[in-house]
Amino acid sequence: MATGEPAQTSVPIQDPGGLLERLERIREPLRVVRADGRFGVLPADGAALPPGTELVALLPALYPEWLGDRGFCEAHKVRFPYAVGEMANELTTTRMVVAAARAGFLGFFGAAGLTPQRLDAAITEIERELGTGPSAASWGSNLIHSPAEPSLEDAVVDVYLRRGVRRVSASAYMSLTPAVVRFAATGLGRDARGRVRRQNHLFAKISRPETARLFLSPAPKELLAALVAQQKLTAAEAELAATLPLAEDVTVEADSGGHTDNRPLGAIFPAVALVRDELALRHRYPRPIRLGAAGGLGTPAAVAAAFTLGASYVMTGSVNQAAVESGLGESGKRLLAQAGIADVAMAPSADMFEMGVKVQVLKRGTLFAPRAERLFALYEKHASLEALPEADRARLESEIFHAPLAAIWKETELFWSKREPAEVERAGRDPHHKMALVFRWYLGQASRWAIRDDAARRPDFQIWTGPAIGAFNDWVKGSFLEDLARRDVAQIGLNLLEGAAVVTRAQALRTAGVPVGPAAFAFRPRPLS
């Protein structure tokens with residue numbers, strides 16, 4: 001204008017429809033104003049306020065990339081503070097990991113249950129697909145606690161160290177093992193300025209404060225000393241490991257699929273944060289420890305709540321299992337797409353059966369959970385297969401195993417003689433352990449039947465999931481993401497993050513006095529790039 005004065009803006013937006021449209025434009029700063037006793041918004045474009053209008057607050061631009069800890073994105077070379085969690089038996093496939101990395105997320109391959117040979121091949125697939133571009137480092141893999149197979153845990157770490165896998169998510173740990181300590185401590189050194197440099201980044205997925213304490217503390221000196229004596233760590237690496245937390249990224253897992261303690265995120269996250277703060281102060285760690293959030297994250301509001309709790313990043317699981325890149329069979333994906341928040345149950349786990357550990361699985365459309373519970377009840381009541389009452393044995397063979405128990409034992413014996421011969425030797429001495437191995441055959445096969453989409457075994461599908469899948473299904477109903485063919489991992493993640501940013505802005509507007517209304521917290525999915 002000729003006078004050089006800023007132009008006057010239009011009347012503040014105060015109607016619900018206009019407010020909703022404006023708040024979803026999160027990348028534009030907003031002014032919160034009051035006119036005629038009512039709150040409204042105006043663009044923060046430098047224009048003068050209309051007469052009689054009072055400036056109440058200024059909201060800066062908001063990007064989904066900024067919702068978490070930017071240090072997380074810098075450390076792990078990702079665009080978004082968002083991780084696609086590992087789901088065992090390649091449910092999180094190499095294809096899903098690659099798609100996540102290309103979308104700007106951190107993807108973890110579902111390595112649990114695989115042989116070291118298959119894991120090695122999967123790493124090759126991921127590296128080939130990602131090449132040397134910007135997303136080449138934006139991935140990791142899983143290390144699951146294997147108390148019955150410590151040699152397998154060691155072999156998996158051998159693969160990771162040999163292949164240069166720099167990010168590993170450790171899950172289901174109840175105590176520390178030499179393998180997990182070895183991965184975290186290998187490659188520790190100092191840069192030219194004397195700062196400690198990590199070569200390997202360990203993510204610890206935990207659901208209890210006492211387990212968090214293990215990973216938030218320095219590695220035990222006795223474990224470090226033993227690894228040095230075995231020449232699996234250098235003395236310099238062990239010395240530095242004694243001054244650092246074992247993991248600088250700890251994923252607080254709430255009510256999730258698979259291994260879970262079913263704790264609500266609002267209870268467990270603050271409890272772990274207190275442990276983190278206590279140990280950081282006591283040990284005077286040189287860098288902050290990042291806490292991530294997982295479990296129950298099926299809607300934008302849930303993701304926004306996780307970041308509000310202080311999460312540096314979020315990690316999703318159940319919602320990705322029905323994605324097109326998931327390793328789950330099509331029948332299993334359709335079952336997940338029909339699930340509600342109450343359609344889940346706890347059932348004995350295959351890997352920690354004898355310890356009484358349980359996993360959360362889909363209940364609707366499958367009989368796995370009650371059948372697995374029946375097996376555990378019989379295991380607790382009887383000392384051996386031979387001690388089973390004839391009626392129970394006949395029912396097991398006809399309804400669950402579809403074969404004589406003797407035939408199942410032969411198959412089980414062959415499997416363990418190749419994988420971990422000590423298990424067969426123990427079974428020869430301990431009939432109760434033999435019984436556990438036979439029952440674990442069913443538990444282990446049930447997840448693979450779901451992956452293979454074995455029609456004859458559909459009633460026995462074991463599908464790990466938490467209530468987040470039901471919340472997700474409710475959220476996407478009527479949108480393009482209701483269609484399974486369009487549920488790719490990138491669109492799931494981008495919509496959760498975009499929606500979380502919109503919900504975060506809606507709350508900011510509400511705290512500034514703007515009557516945004518319920519619709520502001522109900523972001524609808526849409527195709528995003």
# chains A, B, ... in the order shown; residues from 1 in each chain; ligands from 1
call {"tool": "residues_around", "arguments": {"residues": "range 287-298 of chain A", "least_positions_apart": "6", "cutoff": "8 Å", "atoms": "only C-alpha atoms", "output": "MDAnalysis selection string"}}
result
chainID A and resid 69 72 247:257 265 269 273 276 280 306 310:319 466:472 496
call {"tool": "residues_around", "arguments": {"residues": "Arg95 in chain A", "least_positions_apart": "4", "cutoff": "8 Å", "atoms": "only C-alpha atoms", "output": "ChimeraX atom specification"}}
result
/A:99,126,325
call {"tool": "write_last_selection", "arguments": {"atoms": "N, CA and C atoms", "output": "PDB file, in the first residue's frame"}}
result
ATOM      1  N   ALA A  99       9.672 -49.641   3.724  1.00  0.00           N
ATOM      2  CA  ALA A  99       8.618 -48.634   3.543  1.00  0.00           C
ATOM      3  C   ALA A  99       8.642 -47.618   4.675  1.00  0.00           C
ATOM      4  N   ILE A 126      17.207 -55.769   3.194  1.00  0.00           N
ATOM      5  CA  ILE A 126      16.965 -54.389   3.610  1.00  0.00           C
ATOM      6  C   ILE A 126      18.049 -53.466   3.064  1.00  0.00           C
ATOM      7  N   GLU A 325       2.048 -54.277   4.009  1.00  0.00           N
ATOM      8  CA  GLU A 325       3.418 -54.806   4.080  1.00  0.00           C
ATOM      9  C   GLU A 325       3.602 -55.845   5.174  1.00  0.00           C
TER      10      GLU A 325
END
call {"tool": "closest_residue", "arguments": {"among": "A:Pro178, A:Arg25, A:Ser141, A:Ala136", "to": "Thr93 in chain A", "atoms": "only C-alpha atoms"}}
result
A:Ser141
call {"tool": "residues_around", "arguments": {"residues": "range 393-406 of chain A", "least_positions_apart": "4", "cutoff": "9 Å", "atoms": "only C-alpha atoms", "output": "NGL selection string"}}
result
:A and (371 or 375 or 385 or 388-389 or 410-411 or 438 or 441-442 or 460)
call {"tool": "residues_around", "arguments": {"residues": "Ala148 in chain A", "least_positions_apart": "4", "cutoff": "10 Å", "atoms": "only C-alpha atoms", "output": "number ranges by chain"}}
result
A: 152-153, 351-352, 420, 422-423
call {"tool": "select_by_dssp", "arguments": {"residues": "range 218-448 of chain A", "states": "alpha helix (DSSP H)", "output": "PyMOL selection string"}}
result
chain A and resi 221-229+235-241+265-283+300-308+330-337+368-381+390-395+405-419+421-429+431-448
call {"tool": "write_last_selection", "arguments": {"atoms": "C-alpha atoms", "output": "JSON list (two decimals), in the first residue's frame"}}
result
[["chain", "number", "residue", "atom", "x", "y", "z"],
["A", 221, "LYS", "CA", 30.61, -54.77, 36.23],
["A", 222, "GLU", "CA", 30.62, -58.55, 36.54],
["A", 223, "LEU", "CA", 29.06, -58.94, 33.08],
["A", 224, "LEU", "CA", 31.50, -56.46, 31.58],
["A", 225, "ALA", "CA", 34.46, -58.21, 33.23],
["A", 226, "ALA", "CA", 33.33, -61.60, 31.92],
["A", 227, "LEU", "CA", 32.96, -60.24, 28.38],
["A", 228, "VAL", "CA", 36.45, -58.74, 28.54],
["A", 229, "ALA", "CA", 37.85, -62.04, 29.81],
["A", 235, "ALA", "CA", 38.95, -53.15, 28.37],
["A", 236, "ALA", "CA", 38.41, -49.65, 26.99],
["A", 237, "GLU", "CA", 34.86, -50.49, 25.88],
["A", 238, "ALA", "CA", 34.04, -51.97, 29.28],
["A", 239, "GLU", "CA", 35.47, -48.93, 31.06],
["A", 240, "LEU", "CA", 33.25, -46.57, 29.09],
["A", 241, "ALA", "CA", 30.20, -48.86, 29.42],
["A", 265, "LEU", "CA", 0.47, -45.52, 29.44],
["A", 266, "GLY", "CA", -0.63, -42.71, 31.74],
["A", 267, "ALA", "CA", 0.48, -44.77, 34.75],
["A", 268, "ILE", "CA", 3.62, -46.54, 33.56],
["A", 269, "PHE", "CA", 5.27, -43.70, 31.60],
["A", 270, "PRO", "CA", 5.55, -41.22, 34.50],
["A", 271, "ALA", "CA", 6.80, -44.02, 36.77],
["A", 272, "VAL", "CA", 9.61, -44.88, 34.37],
["A", 273, "ALA", "CA", 10.39, -41.19, 33.85],
["A", 274, "LEU", "CA", 11.00, -40.86, 37.59],
["A", 275, "VAL", "CA", 13.43, -43.78, 37.48],
["A", 276, "ARG", "CA", 15.17, -42.23, 34.48],
["A", 277, "ASP", "CA", 15.57, -38.88, 36.25],
["A", 278, "GLU", "CA", 16.84, -40.49, 39.45],
["A", 279, "LEU", "CA", 19.51, -42.55, 37.70],
["A", 280, "ALA", "CA", 20.58, -39.73, 35.38],
["A", 281, "LEU", "CA", 21.21, -37.52, 38.41],
["A", 282, "ARG", "CA", 22.98, -40.24, 40.37],
["A", 283, "HIS", "CA", 25.33, -41.27, 37.55],
["A", 300, "PRO", "CA", -4.15, -39.45, 16.77],
["A", 301, "ALA", "CA", -5.45, -38.50, 20.22],
["A", 302, "ALA", "CA", -3.54, -41.40, 21.80],
["A", 303, "VAL", "CA", -0.35, -40.41, 19.97],
["A", 304, "ALA", "CA", -0.79, -36.78, 21.02],
["A", 305, "ALA", "CA", -1.30, -37.91, 24.62],
["A", 306, "ALA", "CA", 1.95, -39.90, 24.49],
["A", 307, "PHE", "CA", 3.90, -36.85, 23.38],
["A", 308, "THR", "CA", 2.18, -34.76, 26.06],
["A", 330, "GLU", "CA", -4.95, -62.10, 4.50],
["A", 331, "SER", "CA", -7.45, -63.96, 6.68],
["A", 332, "GLY", "CA", -5.72, -62.70, 9.80],
["A", 333, "LYS", "CA", -5.72, -59.14, 8.48],
["A", 334, "ARG", "CA", -9.46, -59.34, 7.87],
["A", 335, "LEU", "CA", -9.99, -60.58, 11.43],
["A", 336, "LEU", "CA", -7.97, -57.64, 12.75],
["A", 337, "ALA", "CA", -9.96, -55.19, 10.64],
["A", 368, "PHE", "CA", -6.39, -69.91, 20.26],
["A", 369, "ALA", "CA", -6.62, -68.16, 23.64],
["A", 370, "PRO", "CA", -8.95, -70.66, 25.40],
["A", 371, "ARG", "CA", -7.13, -73.62, 23.86],
["A", 372, "ALA", "CA", -3.75, -72.30, 24.98],
["A", 373, "GLU", "CA", -5.14, -71.72, 28.47],
["A", 374, "ARG", "CA", -6.39, -75.31, 28.55],
["A", 375, "LEU", "CA", -2.88, -76.54, 27.75],
["A", 376, "PHE", "CA", -1.35, -74.49, 30.53],
["A", 377, "ALA", "CA", -3.97, -75.68, 33.03],
["A", 378, "LEU", "CA", -3.16, -79.31, 32.16],
["A", 379, "TYR", "CA", 0.57, -78.59, 32.41],
["A", 380, "GLU", "CA", 0.12, -77.17, 35.91],
["A", 381, "LYS", "CA", -2.08, -80.08, 37.04],
["A", 390, "GLU", "CA", -7.47, -90.50, 28.70],
["A", 391, "ALA", "CA", -10.39, -88.16, 28.04],
["A", 392, "ASP", "CA", -8.13, -85.11, 28.13],
["A", 393, "ARG", "CA", -5.57, -86.79, 25.90],
["A", 394, "ALA", "CA", -8.21, -87.73, 23.33],
["A", 395, "ARG", "CA", -9.62, -84.22, 23.31],
["A", 405, "LEU", "CA", 0.78, -86.68, 21.08],
["A", 406, "ALA", "CA", 3.50, -89.26, 20.35],
["A", 407, "ALA", "CA", 3.71, -87.99, 16.76],
["A", 408, "ILE", "CA", 3.90, -84.38, 17.96],
["A", 409, "TRP", "CA", 6.73, -85.32, 20.30],
["A", 410, "LYS", "CA", 8.70, -86.88, 17.45],
["A", 411, "GLU", "CA", 8.35, -83.69, 15.43],
["A", 412, "THR", "CA", 9.26, -81.59, 18.47],
["A", 413, "GLU", "CA", 12.26, -83.77, 19.27],
["A", 414, "LEU", "CA", 13.58, -83.42, 15.72],
["A", 415, "PHE", "CA", 13.19, -79.62, 15.84],
["A", 416, "TRP", "CA", 15.01, -79.17, 19.13],
["A", 417, "SER", "CA", 17.75, -81.67, 18.30],
["A", 418, "LYS", "CA", 18.78, -79.33, 15.49],
["A", 419, "ARG", "CA", 18.13, -76.01, 17.24],
["A", 421, "PRO", "CA", 19.96, -80.27, 21.70],
["A", 422, "ALA", "CA", 20.11, -79.49, 25.43],
["A", 423, "GLU", "CA", 16.32, -79.15, 25.38],
["A", 424, "VAL", "CA", 15.92, -82.75, 24.20],
["A", 425, "GLU", "CA", 18.40, -83.96, 26.80],
["A", 426, "ARG", "CA", 16.50, -82.17, 29.52],
["A", 427, "ALA", "CA", 13.20, -83.61, 28.28],
["A", 428, "GLY", "CA", 14.69, -87.10, 28.61],
["A", 429, "ARG", "CA", 15.39, -86.41, 32.28],
["A", 431, "PRO", "CA", 8.91, -85.57, 31.74],
["A", 432, "HIS", "CA", 7.27, -82.33, 32.82],
["A", 433, "HIS", "CA", 9.63, -80.40, 30.54],
["A", 434, "LYS", "CA", 8.86, -82.83, 27.74],
["A", 435, "MET", "CA", 5.19, -82.05, 28.26],
["A", 436, "ALA", "CA", 5.93, -78.33, 28.05],
["A", 437, "LEU", "CA", 7.82, -78.75, 24.77],
["A", 438, "VAL", "CA", 4.91, -80.65, 23.23],
["A", 439, "PHE", "CA", 2.42, -78.03, 24.35],
["A", 440, "ARG", "CA", 4.74, -75.28, 23.09],
["A", 441, "TRP", "CA", 4.57, -76.94, 19.66],
["A", 442, "TYR", "CA", 0.96, -75.79, 19.40],
["A", 443, "LEU", "CA", 1.69, -72.30, 20.71],
["A", 444, "GLY", "CA", 4.58, -71.86, 18.30],
["A", 445, "GLN", "CA", 2.77, -73.23, 15.27],
["A", 446, "ALA", "CA", -0.37, -71.16, 15.90],
["A", 447, "SER", "CA", 1.33, -67.88, 14.95],
["A", 448, "ARG", "CA", 2.86, -69.47, 11.85]]
call {"tool": "residues_around", "arguments": {"residues": "range 56-59 of chain A", "least_positions_apart": "4", "cutoff": "9 Å", "atoms": "only C-alpha atoms", "output": "PDB file with all heavy atoms, in the first residue's frame"}}
result
ATOM      1  N   GLU A  28       0.715 -23.199   9.615  1.00  0.00           N
ATOM      2  CA  GLU A  28       0.584 -21.747   9.563  1.00  0.00           C
ATOM      3  C   GLU A  28       0.421 -21.217  10.982  1.00  0.00           C
ATOM      4  O   GLU A  28      -0.412 -21.719  11.740  1.00  0.00           O
ATOM      5  CB  GLU A  28      -0.633 -21.346   8.721  1.00  0.00           C
ATOM      6  CG  GLU A  28      -0.567 -21.832   7.283  1.00  0.00           C
ATOM      7  CD  GLU A  28      -1.862 -21.539   6.533  1.00  0.00           C
ATOM      8  OE1 GLU A  28      -2.704 -20.766   7.069  1.00  0.00           O
ATOM      9  OE2 GLU A  28      -2.036 -22.078   5.432  1.00  0.00           O
ATOM     10  N   PRO A  29       1.193 -20.185  11.375  1.00  0.00           N
ATOM     11  CA  PRO A  29       1.019 -19.616  12.716  1.00  0.00           C
ATOM     12  C   PRO A  29      -0.333 -18.922  12.841  1.00  0.00           C
ATOM     13  O   PRO A  29      -0.913 -18.464  11.850  1.00  0.00           O
ATOM     14  CB  PRO A  29       2.176 -18.616  12.828  1.00  0.00           C
ATOM     15  CG  PRO A  29       2.544 -18.291  11.416  1.00  0.00           C
ATOM     16  CD  PRO A  29       2.263 -19.521  10.613  1.00  0.00           C
ATOM     17  N   LEU A  30      -0.839 -18.866  14.049  1.00  0.00           N
ATOM     18  CA  LEU A  30      -2.154 -18.288  14.306  1.00  0.00           C
ATOM     19  C   LEU A  30      -2.083 -17.289  15.461  1.00  0.00           C
ATOM     20  O   LEU A  30      -1.280 -17.454  16.392  1.00  0.00           O
ATOM     21  CB  LEU A  30      -3.163 -19.381  14.700  1.00  0.00           C
ATOM     22  CG  LEU A  30      -3.831 -20.218  13.613  1.00  0.00           C
ATOM     23  CD1 LEU A  30      -4.786 -21.204  14.268  1.00  0.00           C
ATOM     24  CD2 LEU A  30      -4.566 -19.348  12.612  1.00  0.00           C
ATOM     25  N   ARG A  31      -2.945 -16.287  15.378  1.00  0.00           N
ATOM     26  CA  ARG A  31      -3.157 -15.386  16.511  1.00  0.00           C
ATOM     27  C   ARG A  31      -4.510 -15.711  17.136  1.00  0.00           C
ATOM     28  O   ARG A  31      -5.516 -15.846  16.433  1.00  0.00           O
ATOM     29  CB  ARG A  31      -3.138 -13.921  16.042  1.00  0.00           C
ATOM     30  CG  ARG A  31      -1.763 -13.425  15.663  1.00  0.00           C
ATOM     31  CD  ARG A  31      -1.809 -11.971  15.220  1.00  0.00           C
ATOM     32  NE  ARG A  31      -2.450 -11.824  13.911  1.00  0.00           N
ATOM     33  CZ  ARG A  31      -2.584 -10.653  13.286  1.00  0.00           C
ATOM     34  NH1 ARG A  31      -2.140  -9.537  13.862  1.00  0.00           N
ATOM     35  NH2 ARG A  31      -3.165 -10.589  12.103  1.00  0.00           N
ATOM     36  N   VAL A  32      -4.520 -15.840  18.441  1.00  0.00           N
ATOM     37  CA  VAL A  32      -5.771 -15.980  19.174  1.00  0.00           C
ATOM     38  C   VAL A  32      -6.177 -14.581  19.638  1.00  0.00           C
ATOM     39  O   VAL A  32      -5.375 -13.872  20.270  1.00  0.00           O
ATOM     40  CB  VAL A  32      -5.621 -16.927  20.384  1.00  0.00           C
ATOM     41  CG1 VAL A  32      -6.929 -16.999  21.173  1.00  0.00           C
ATOM     42  CG2 VAL A  32      -5.198 -18.314  19.923  1.00  0.00           C
ATOM     43  N   VAL A  33      -7.378 -14.196  19.307  1.00  0.00           N
ATOM     44  CA  VAL A  33      -7.833 -12.836  19.620  1.00  0.00           C
ATOM     45  C   VAL A  33      -9.193 -12.890  20.324  1.00  0.00           C
ATOM     46  O   VAL A  33      -9.873 -13.919  20.323  1.00  0.00           O
ATOM     47  CB  VAL A  33      -7.958 -11.986  18.328  1.00  0.00           C
ATOM     48  CG1 VAL A  33      -6.591 -11.832  17.662  1.00  0.00           C
ATOM     49  CG2 VAL A  33      -8.960 -12.611  17.349  1.00  0.00           C
ATOM     50  N   ARG A  34      -9.561 -11.733  20.918  1.00  0.00           N
ATOM     51  CA  ARG A  34     -10.876 -11.611  21.529  1.00  0.00           C
ATOM     52  C   ARG A  34     -11.528 -10.345  20.992  1.00  0.00           C
ATOM     53  O   ARG A  34     -10.918  -9.268  20.997  1.00  0.00           O
ATOM     54  CB  ARG A  34     -10.762 -11.545  23.048  1.00  0.00           C
ATOM     55  CG  ARG A  34     -12.108 -11.440  23.769  1.00  0.00           C
ATOM     56  CD  ARG A  34     -11.980 -11.788  25.248  1.00  0.00           C
ATOM     57  NE  ARG A  34     -10.875 -11.107  25.880  1.00  0.00           N
ATOM     58  CZ  ARG A  34     -10.334 -11.459  27.034  1.00  0.00           C
ATOM     59  NH1 ARG A  34     -10.790 -12.536  27.663  1.00  0.00           N
ATOM     60  NH2 ARG A  34      -9.323 -10.789  27.560  1.00  0.00           N
ATOM     61  N   PHE A  39     -13.843 -15.297  21.752  1.00  0.00           N
ATOM     62  CA  PHE A  39     -12.512 -15.652  21.256  1.00  0.00           C
ATOM     63  C   PHE A  39     -12.598 -16.119  19.801  1.00  0.00           C
ATOM     64  O   PHE A  39     -13.596 -16.705  19.372  1.00  0.00           O
ATOM     65  CB  PHE A  39     -11.902 -16.773  22.108  1.00  0.00           C
ATOM     66  CG  PHE A  39     -11.481 -16.336  23.473  1.00  0.00           C
ATOM     67  CD1 PHE A  39     -12.373 -16.375  24.540  1.00  0.00           C
ATOM     68  CD2 PHE A  39     -10.198 -15.877  23.694  1.00  0.00           C
ATOM     69  CE1 PHE A  39     -11.989 -15.961  25.800  1.00  0.00           C
ATOM     70  CE2 PHE A  39      -9.796 -15.472  24.961  1.00  0.00           C
ATOM     71  CZ  PHE A  39     -10.693 -15.509  26.020  1.00  0.00           C
ATOM     72  N   ALA A  44      -1.422 -15.209  11.498  1.00  0.00           N
ATOM     73  CA  ALA A  44      -0.304 -14.409  12.015  1.00  0.00           C
ATOM     74  C   ALA A  44       0.509 -13.917  10.826  1.00  0.00           C
ATOM     75  O   ALA A  44       1.654 -14.318  10.608  1.00  0.00           O
ATOM     76  CB  ALA A  44       0.545 -15.244  12.967  1.00  0.00           C
ATOM     77  N   ARG A 505      -2.667 -28.893  18.500  1.00  0.00           N
ATOM     78  CA  ARG A 505      -3.035 -27.497  18.269  1.00  0.00           C
ATOM     79  C   ARG A 505      -4.423 -27.196  18.815  1.00  0.00           C
ATOM     80  O   ARG A 505      -4.651 -26.117  19.372  1.00  0.00           O
ATOM     81  CB  ARG A 505      -2.979 -27.172  16.779  1.00  0.00           C
ATOM     82  CG  ARG A 505      -3.616 -25.835  16.447  1.00  0.00           C
ATOM     83  CD  ARG A 505      -3.110 -25.223  15.183  1.00  0.00           C
ATOM     84  NE  ARG A 505      -1.818 -24.582  15.363  1.00  0.00           N
ATOM     85  CZ  ARG A 505      -1.275 -23.731  14.480  1.00  0.00           C
ATOM     86  NH1 ARG A 505      -1.919 -23.458  13.355  1.00  0.00           N
ATOM     87  NH2 ARG A 505      -0.124 -23.167  14.707  1.00  0.00           N
ATOM     88  N   ALA A 508      -4.052 -26.514  22.367  1.00  0.00           N
ATOM     89  CA  ALA A 508      -3.433 -25.211  22.590  1.00  0.00           C
ATOM     90  C   ALA A 508      -4.454 -24.091  22.414  1.00  0.00           C
ATOM     91  O   ALA A 508      -4.487 -23.133  23.199  1.00  0.00           O
ATOM     92  CB  ALA A 508      -2.266 -25.014  21.630  1.00  0.00           C
ATOM     93  N   LEU A 509      -5.306 -24.202  21.389  1.00  0.00           N
ATOM     94  CA  LEU A 509      -6.353 -23.204  21.191  1.00  0.00           C
ATOM     95  C   LEU A 509      -7.337 -23.197  22.360  1.00  0.00           C
ATOM     96  O   LEU A 509      -7.780 -22.144  22.821  1.00  0.00           O
ATOM     97  CB  LEU A 509      -7.099 -23.489  19.883  1.00  0.00           C
ATOM     98  CG  LEU A 509      -6.375 -23.105  18.589  1.00  0.00           C
ATOM     99  CD1 LEU A 509      -7.146 -23.633  17.382  1.00  0.00           C
ATOM    100  CD2 LEU A 509      -6.211 -21.594  18.492  1.00  0.00           C
ATOM    101  N   ALA A 512      -6.067 -21.441  25.295  1.00  0.00           N
ATOM    102  CA  ALA A 512      -6.047 -19.990  25.086  1.00  0.00           C
ATOM    103  C   ALA A 512      -7.446 -19.393  25.140  1.00  0.00           C
ATOM    104  O   ALA A 512      -7.596 -18.172  25.007  1.00  0.00           O
ATOM    105  CB  ALA A 512      -5.386 -19.669  23.744  1.00  0.00           C
ATOM    106  N   GLY A 513      -8.470 -20.225  25.312  1.00  0.00           N
ATOM    107  CA  GLY A 513      -9.818 -19.728  25.473  1.00  0.00           C
ATOM    108  C   GLY A 513     -10.736 -19.929  24.287  1.00  0.00           C
ATOM    109  O   GLY A 513     -11.926 -19.605  24.366  1.00  0.00           O
TER     110      GLY A 513
END
call {"tool": "residues_around", "arguments": {"residues": "Ile451 in chain A", "least_positions_apart": "2", "cutoff": "6 Å", "atoms": "only C-alpha atoms", "output": "ChimeraX atom specification"}}
result
/A:328-329,448-449,453
call {"tool": "write_last_selection", "arguments": {"atoms": "all heavy atoms", "output": "tab-separated table (two decimals), in the first residue's frame"}}
result
chain	number	residue	atom	x	y	z
A	328	LEU	N	1.49	-60.95	8.07
A	328	LEU	CA	0.30	-61.71	8.45
A	328	LEU	C	-0.50	-62.10	7.21
A	328	LEU	O	-0.61	-61.31	6.26
A	328	LEU	CB	-0.56	-60.88	9.40
A	328	LEU	CG	-1.79	-61.57	10.02
A	328	LEU	CD1	-1.38	-62.71	10.92
A	328	LEU	CD2	-2.63	-60.55	10.80
A	329	GLY	N	-1.10	-63.30	7.22
A	329	GLY	CA	-1.94	-63.74	6.11
A	329	GLY	C	-3.19	-62.90	5.96
A	329	GLY	O	-3.62	-62.22	6.90
A	448	ARG	N	2.42	-69.19	13.23
A	448	ARG	CA	2.86	-69.47	11.85
A	448	ARG	C	1.68	-69.85	10.95
A	448	ARG	O	1.68	-69.54	9.76
A	448	ARG	CB	3.92	-70.56	11.86
A	448	ARG	CG	5.23	-70.10	12.50
A	448	ARG	CD	6.27	-71.20	12.58
A	448	ARG	NE	7.55	-70.68	13.02
A	448	ARG	CZ	7.89	-70.47	14.29
A	448	ARG	NH1	7.02	-70.77	15.26
A	448	ARG	NH2	9.07	-69.97	14.62
A	449	TRP	N	0.67	-70.51	11.52
A	449	TRP	CA	-0.54	-70.80	10.72
A	449	TRP	C	-1.21	-69.50	10.28
A	449	TRP	O	-1.70	-69.41	9.15
A	449	TRP	CB	-1.51	-71.65	11.56
A	449	TRP	CG	-1.02	-73.04	11.83
A	449	TRP	CD1	-0.24	-73.81	11.02
A	449	TRP	CD2	-1.27	-73.82	13.01
A	449	TRP	NE1	0.02	-75.03	11.62
A	449	TRP	CE2	-0.60	-75.06	12.84
A	449	TRP	CE3	-1.98	-73.59	14.19
A	449	TRP	CZ2	-0.64	-76.05	13.81
A	449	TRP	CZ3	-2.01	-74.58	15.16
A	449	TRP	CH2	-1.35	-75.81	14.97
A	453	ASP	N	-1.53	-68.31	6.51
A	453	ASP	CA	-2.96	-68.30	6.15
A	453	ASP	C	-3.46	-69.71	5.89
A	453	ASP	O	-4.11	-69.99	4.88
A	453	ASP	CB	-3.20	-67.41	4.93
A	453	ASP	CG	-4.60	-66.81	4.95
A	453	ASP	OD1	-5.38	-67.15	5.86
A	453	ASP	OD2	-4.91	-65.99	4.07
call {"tool": "select_by_dssp", "arguments": {"residues": "range 179-354 of chain A", "states": "strand (DSSP E or B)", "output": "PyMOL selection string"}}
result
chain A and resi 189-190+196-197+201-206+249-253+258-259+290-294+313-316+344-348
call {"tool": "atom_distance", "arguments": {"atom1": "CA of Ala204 in chain A", "atom2": "CA of Arg166 in chain A"}}
result
13.9 Å
call {"tool": "atom_distance", "arguments": {"atom1": "CA of Thr243 in chain A", "atom2": "CA of Val156 in chain A"}}
result
25.8 Å
call {"tool": "closest_residue", "arguments": {"among": "A:Gly17, A:Pro147, A:Pro348, A:Pro264", "to": "Ser207 in chain A", "atoms": "only C-alpha atoms"}}
result
A:Pro264
call {"tool": "atom_distance", "arguments": {"atom1": "CA of Ile144 in chain A", "atom2": "CA of Ala75 in chain A"}}
result
23.1 Å
